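Chemist: First, the structure itself, so that you have it in front of you.
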Amino acid sequence: MQTVHVNAGQPYDVYIGSGIITSLGERLAAETKAKKATIVSDDRVWSLYGTKVQNILGEAGFLAECCLFAHGEESKNLTTYGQILEKMSGFGMTREDVVVALGGGVVGDIAGFAAATYQRGIPFVQVPTTLLAAVDSSVGGKTAVDLPSGKNQVGCFYQPVFVLCDTDLLATLPIEEYRNGSAEIIKYAMLDGLELFEKIEKTAICSQYEDIISRCVQIKSRFVENDEFDRGQRMLLNFGHTIGHAVEACSDFAIPHGTGVAIGMAAITRAAVHFGYCENTICERLHALIQTYGLPVEVPYETEDLFEAAAKDKKNTANTMRFIVPKGIGDCEVMEVSGSVFMEWLRAAVAEE
């Protein structure tokens, strides 16, 4: 097992290893005063691991109930959020009790937001069951739900008590979810440098989960410690996300987050070559790595549609668009431009090679 400490406003540890789910109840008892636990999960994850987790908590002396919703981004809304709060209230949860987020990014985001706002904030822990959640969304304290106007439009920063990532839970991942998580790992490699990039070039991520997840969490923890509330350098973690989120929105979220990020990374790097910020050899190498993990590199939508979707992104303002420009492996920067300039970047990004 490896442990990564995140020195946020509320410091916590991320535990990563094989078979460590059995320690969940013991860790909760040590780090909270909770008597009750609401396990928030989706129907797909619960069918795999829900009963096991509920039994582990019960054996540790917790009274545990579940709150389930249909899997998928479409459930990450105010209605589901309200249902979770009603479930917690009906269960008699107090400010000392705990929420356990058992699932992927959607579960973690909405469960964290419910915990942050129920009785003005109660403890919660993240138990990620997808590769994407393990390396990215379970760490850093971002919680949210979507509105019809866009992703993550309602939310807050709220750090977990701890994150427990049992790599054995990734064994049941569908290939699509493995690919989505791989996209975020490629993002971290582009931000961090050649060591991680070459590591996942040479050896499949799935054969080195503990090391790769630990490294990605270390990278993210550094950004969180320096910029917890995403006002400066933490924005670099959005590499590929501006176009990626727009792609997701244009598809009505039929295209999942990781795939959108992969498309976004490939596209913005293509544009960076066009405008002279990046060597074409870097673009070719990134595209090859993305495709190695079964992910696309071409943008399936028109620039006008992408622009309209990107303009709704909460990272942008009325006058500026923000996105991350790669200059090399391990060398990226935040760029702020006018809408007209961003349109030029989009045209270069979607152009066929």
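Residues in the structure tokens are named by chain (A, B, ... in the order shown) and by number from 1 within that chain; ligands are numbered from 1 in the order shown.
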Could you write out, as a ChimeraX atom specification, all the residues of region 34-205 of chain A that DSSP marks as helix (DSSP H, G or I)?
Modeler: /A:43-59,73-75,78-90,105-120,131-137,167-172,175-192,194-202,205
Chemist: Skipping near chain neighbours, those fewer than 6 positions away, what residues fall within 9 Å of region 100-115 of chain A using only C-alpha atoms, listed as a ChimeraX atom specification?
Modeler: /A:37-42,44-46,49-50,53,71-73,75-77,80-82,84-85,121-134,136-138,141-145,152,154-160
Chemist: Measuring between only C-alpha atoms, which one of A:Ala288, A:Val247, A:Ala171, A:Val224 shows the shortest distance to Ile200 (chain A)?
Modeler: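 Closest to Ile200 (chain A) of all the choices is A:Ala288.
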Chemist: Give the answer as one residue: which of A:Gly140, A:Gly260, A:Gly17, A:Pro148 has the shortest atom-to-atom distance to Gly181 (chain A), using only C-alpha atoms?
Modeler: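 Checking each candidate against Gly181 (chain A), we get A:Gly260 as the closest.
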Chemist: Step one, run DSSP on the backbone; step two, keep only residues of region 47-153 of chain A assigned to strand (DSSP E or B); then write them as a list in words.
Modeler: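 Taking region 47-153 of chain A and keeping strand (DSSP E or B) only, one gets Leu63, Ala64, Glu65, Cys66, Cys67, Leu68, Phe69, Val98, Val99, Val100, Ala101, Leu102, Gly103, Phe124, Val125, Gln126, Val127, Pro128, Lys142, Thr143, Ala144, Val145, Asp146, Leu147, Gly150, Lys151, Asn152 and Gln153 of chain A.
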Chemist: Quick one: distance from CA of Ala262 (chain A) to CA of Ala183 (chain A) in Å, one decimal?
Modeler: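 Between CA of Ala262 (chain A) and CA of Ala183 (chain A) the gap is 5.4 Å.
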Chemist: Could you tell me how far CA of Val337 (chain A) sits from CA of Met321 (chain A), in Å to one decimal place?
Modeler: 5.4 Å
Chemist: Work out how far apart CA of His245 (chain A) and CA of Asp146 (chain A) are and give it in Å to one decimal.
Modeler: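 CA of His245 (chain A) sits 12.2 Å away from CA of Asp146 (chain A).
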Chemist: Could you name the residues that touch region 206-209 of chain A at 12 Å or less, counting only C-alpha atoms, but leaving out those on the same chain fewer than 5 positions away, as a PyMOL selection string?
Modeler: chain A and resi 1-2+16-18+130-132+134-135+165-173+175+177-179+181-182+185+196+199-200+214-217+293
Chemist: Using only C-alpha atoms, find the one residue out of A:Arg27, A:Ala266, A:Cys66, A:Met93 that sits nearest to Asp43 (chain A).
Modeler: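 Looking at the shortest contact to Asp43 (chain A), the residue is A:Cys66.
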Chemist: Would you list the contacts of region 309-314 of chain A as a ChimeraX atom specification, taking every protein, DNA or RNA residue within 10 Å and counting only C-alpha atoms, but skipping same-chain residues closer than 3 positions in sequence?
Modeler: /A:149-154,241-250,303-306,317-322,339,342
Chemist: I need the residues from that last selection saved to file as an mmCIF file, in the first residue's frame (with N, CA and C atoms), if you can.
Modeler:
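So part_3.cif came out as:
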```
data_model
loop_
_atom_site.group_PDB
_atom_site.id
_atom_site.type_symbol
_atom_site.label_atom_id
_atom_site.label_comp_id
_atom_site.auth_asym_id
_atom_site.auth_seq_id
_atom_site.Cartn_x
_atom_site.Cartn_y
_atom_site.Cartn_z
ATOM 1 N N SER A 149 -27.635 23.972 -18.250
ATOM 2 C CA SER A 149 -26.744 24.885 -18.976
ATOM 3 C C SER A 149 -25.307 24.410 -19.032
ATOM 4 N N GLY A 150 -24.943 23.414 -18.207
ATOM 5 C CA GLY A 150 -23.565 22.950 -18.260
ATOM 6 C C GLY A 150 -23.175 22.096 -17.074
ATOM 7 N N LYS A 151 -21.973 21.503 -17.171
ATOM 8 C CA LYS A 151 -21.458 20.622 -16.134
ATOM 9 C C LYS A 151 -20.971 21.410 -14.925
ATOM 10 N N ASN A 152 -21.185 20.835 -13.749
ATOM 11 C CA ASN A 152 -20.590 21.332 -12.503
ATOM 12 C C ASN A 152 -20.880 22.799 -12.234
ATOM 13 N N GLN A 153 -22.081 23.234 -12.569
ATOM 14 C CA GLN A 153 -22.420 24.638 -12.399
ATOM 15 C C GLN A 153 -22.800 24.977 -10.948
ATOM 16 N N VAL A 154 -23.138 23.966 -10.166
ATOM 17 C CA VAL A 154 -23.470 24.180 -8.758
ATOM 18 C C VAL A 154 -22.581 23.263 -7.925
ATOM 19 N N HIS A 241 -9.492 19.934 -21.194
ATOM 20 C CA HIS A 241 -10.857 19.972 -20.685
ATOM 21 C C HIS A 241 -11.746 21.016 -21.353
ATOM 22 N N THR A 242 -11.181 22.116 -21.816
ATOM 23 C CA THR A 242 -12.027 23.152 -22.421
ATOM 24 C C THR A 242 -12.741 22.601 -23.655
ATOM 25 N N ILE A 243 -11.969 22.031 -24.555
ATOM 26 C CA ILE A 243 -12.577 21.398 -25.725
ATOM 27 C C ILE A 243 -13.265 20.099 -25.320
ATOM 28 N N GLY A 244 -12.683 19.375 -24.369
ATOM 29 C CA GLY A 244 -13.272 18.114 -23.928
ATOM 30 C C GLY A 244 -14.668 18.282 -23.365
ATOM 31 N N HIS A 245 -14.849 19.287 -22.497
ATOM 32 C CA HIS A 245 -16.180 19.536 -21.950
ATOM 33 C C HIS A 245 -17.164 19.946 -23.046
ATOM 34 N N ALA A 246 -16.662 20.715 -24.008
ATOM 35 C CA ALA A 246 -17.524 21.135 -25.120
ATOM 36 C C ALA A 246 -17.960 19.929 -25.950
ATOM 37 N N VAL A 247 -17.047 18.999 -26.169
ATOM 38 C CA VAL A 247 -17.376 17.773 -26.903
ATOM 39 C C VAL A 247 -18.440 16.975 -26.145
ATOM 40 N N GLU A 248 -18.256 16.847 -24.836
ATOM 41 C CA GLU A 248 -19.254 16.146 -24.019
ATOM 42 C C GLU A 248 -20.627 16.792 -24.166
ATOM 43 N N ALA A 249 -20.660 18.118 -24.052
ATOM 44 C CA ALA A 249 -21.939 18.830 -24.121
ATOM 45 C C ALA A 249 -22.584 18.678 -25.487
ATOM 46 N N CYS A 250 -21.786 18.766 -26.540
ATOM 47 C CA CYS A 250 -22.331 18.629 -27.889
ATOM 48 C C CYS A 250 -22.917 17.237 -28.133
ATOM 49 N N THR A 303 -16.840 23.759 -35.375
ATOM 50 C CA THR A 303 -16.255 24.763 -34.482
ATOM 51 C C THR A 303 -17.317 25.655 -33.834
ATOM 52 N N GLU A 304 -18.346 26.020 -34.580
ATOM 53 C CA GLU A 304 -19.377 26.907 -34.030
ATOM 54 C C GLU A 304 -20.102 26.249 -32.857
ATOM 55 N N ASP A 305 -20.403 24.956 -32.986
ATOM 56 C CA ASP A 305 -21.075 24.240 -31.903
ATOM 57 C C ASP A 305 -20.162 24.109 -30.689
ATOM 58 N N LEU A 306 -18.890 23.840 -30.946
ATOM 59 C CA LEU A 306 -17.933 23.732 -29.850
ATOM 60 C C LEU A 306 -17.772 25.058 -29.127
ATOM 61 N N THR A 317 -15.099 33.690 -18.754
ATOM 62 C CA THR A 317 -15.850 34.875 -18.367
ATOM 63 C C THR A 317 -16.519 35.456 -19.596
ATOM 64 N N ALA A 318 -17.193 36.583 -19.408
ATOM 65 C CA ALA A 318 -17.890 37.204 -20.534
ATOM 66 C C ALA A 318 -16.917 37.666 -21.612
ATOM 67 N N ASN A 319 -15.680 37.980 -21.211
ATOM 68 C CA ASN A 319 -14.734 38.571 -22.162
ATOM 69 C C ASN A 319 -13.548 37.687 -22.513
ATOM 70 N N THR A 320 -13.305 36.645 -21.734
ATOM 71 C CA THR A 320 -12.123 35.831 -21.990
ATOM 72 C C THR A 320 -12.453 34.347 -21.969
ATOM 73 N N MET A 321 -11.658 33.598 -22.713
ATOM 74 C CA MET A 321 -11.739 32.137 -22.726
ATOM 75 C C MET A 321 -10.406 31.620 -22.205
ATOM 76 N N ARG A 322 -10.449 30.642 -21.322
ATOM 77 C CA ARG A 322 -9.232 30.064 -20.756
ATOM 78 C C ARG A 322 -9.065 28.635 -21.241
ATOM 79 N N GLY A 339 -12.808 35.883 -27.275
ATOM 80 C CA GLY A 339 -13.623 34.892 -27.960
ATOM 81 C C GLY A 339 -13.228 34.712 -29.409
ATOM 82 N N PHE A 342 -10.069 32.688 -29.569
ATOM 83 C CA PHE A 342 -10.352 31.291 -29.236
ATOM 84 C C PHE A 342 -10.983 30.570 -30.421
#
```
Chemist: Counting only C-alpha atoms, which of A:Gly9, A:Asn226, A:Val325, A:Glu210 gets nearest to Gly276 (chain A)?
Modeler: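 The shortest atom-to-atom distance to Gly276 (chain A) comes from A:Val325.
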Chemist: Just want the 8 Å neighbourhood of Lys87 (chain A), counted on only C-alpha atoms, with same-chain residues fewer than 4 positions away dropped. Output as JSON, numbers by chain.
Modeler: {"A": [67, 83, 91]}
Chemist: Go ahead and write the selection's residues with C-alpha atoms as an mmCIF file, in the first residue's frame.
Modeler:
```cif
data_model
loop_
_atom_site.group_PDB
_atom_site.id
_atom_site.type_symbol
_atom_site.label_atom_id
_atom_site.label_comp_id
_atom_site.auth_asym_id
_atom_site.auth_seq_id
_atom_site.Cartn_x
_atom_site.Cartn_y
_atom_site.Cartn_z
ATOM 1 C CA CYS A 67 -28.696 5.737 -1.217
ATOM 2 C CA GLN A 83 -33.054 12.755 -2.951
ATOM 3 C CA PHE A 91 -31.911 8.174 8.317
#
```
Chemist: So which residues touch Thr259 (chain A) within 7 Å, counting only C-alpha atoms, skipping near sequence neighbours fewer than 2 positions away, as a PyMOL selection string?
Modeler: chain A and resi 180+183+255-257+261-263+295
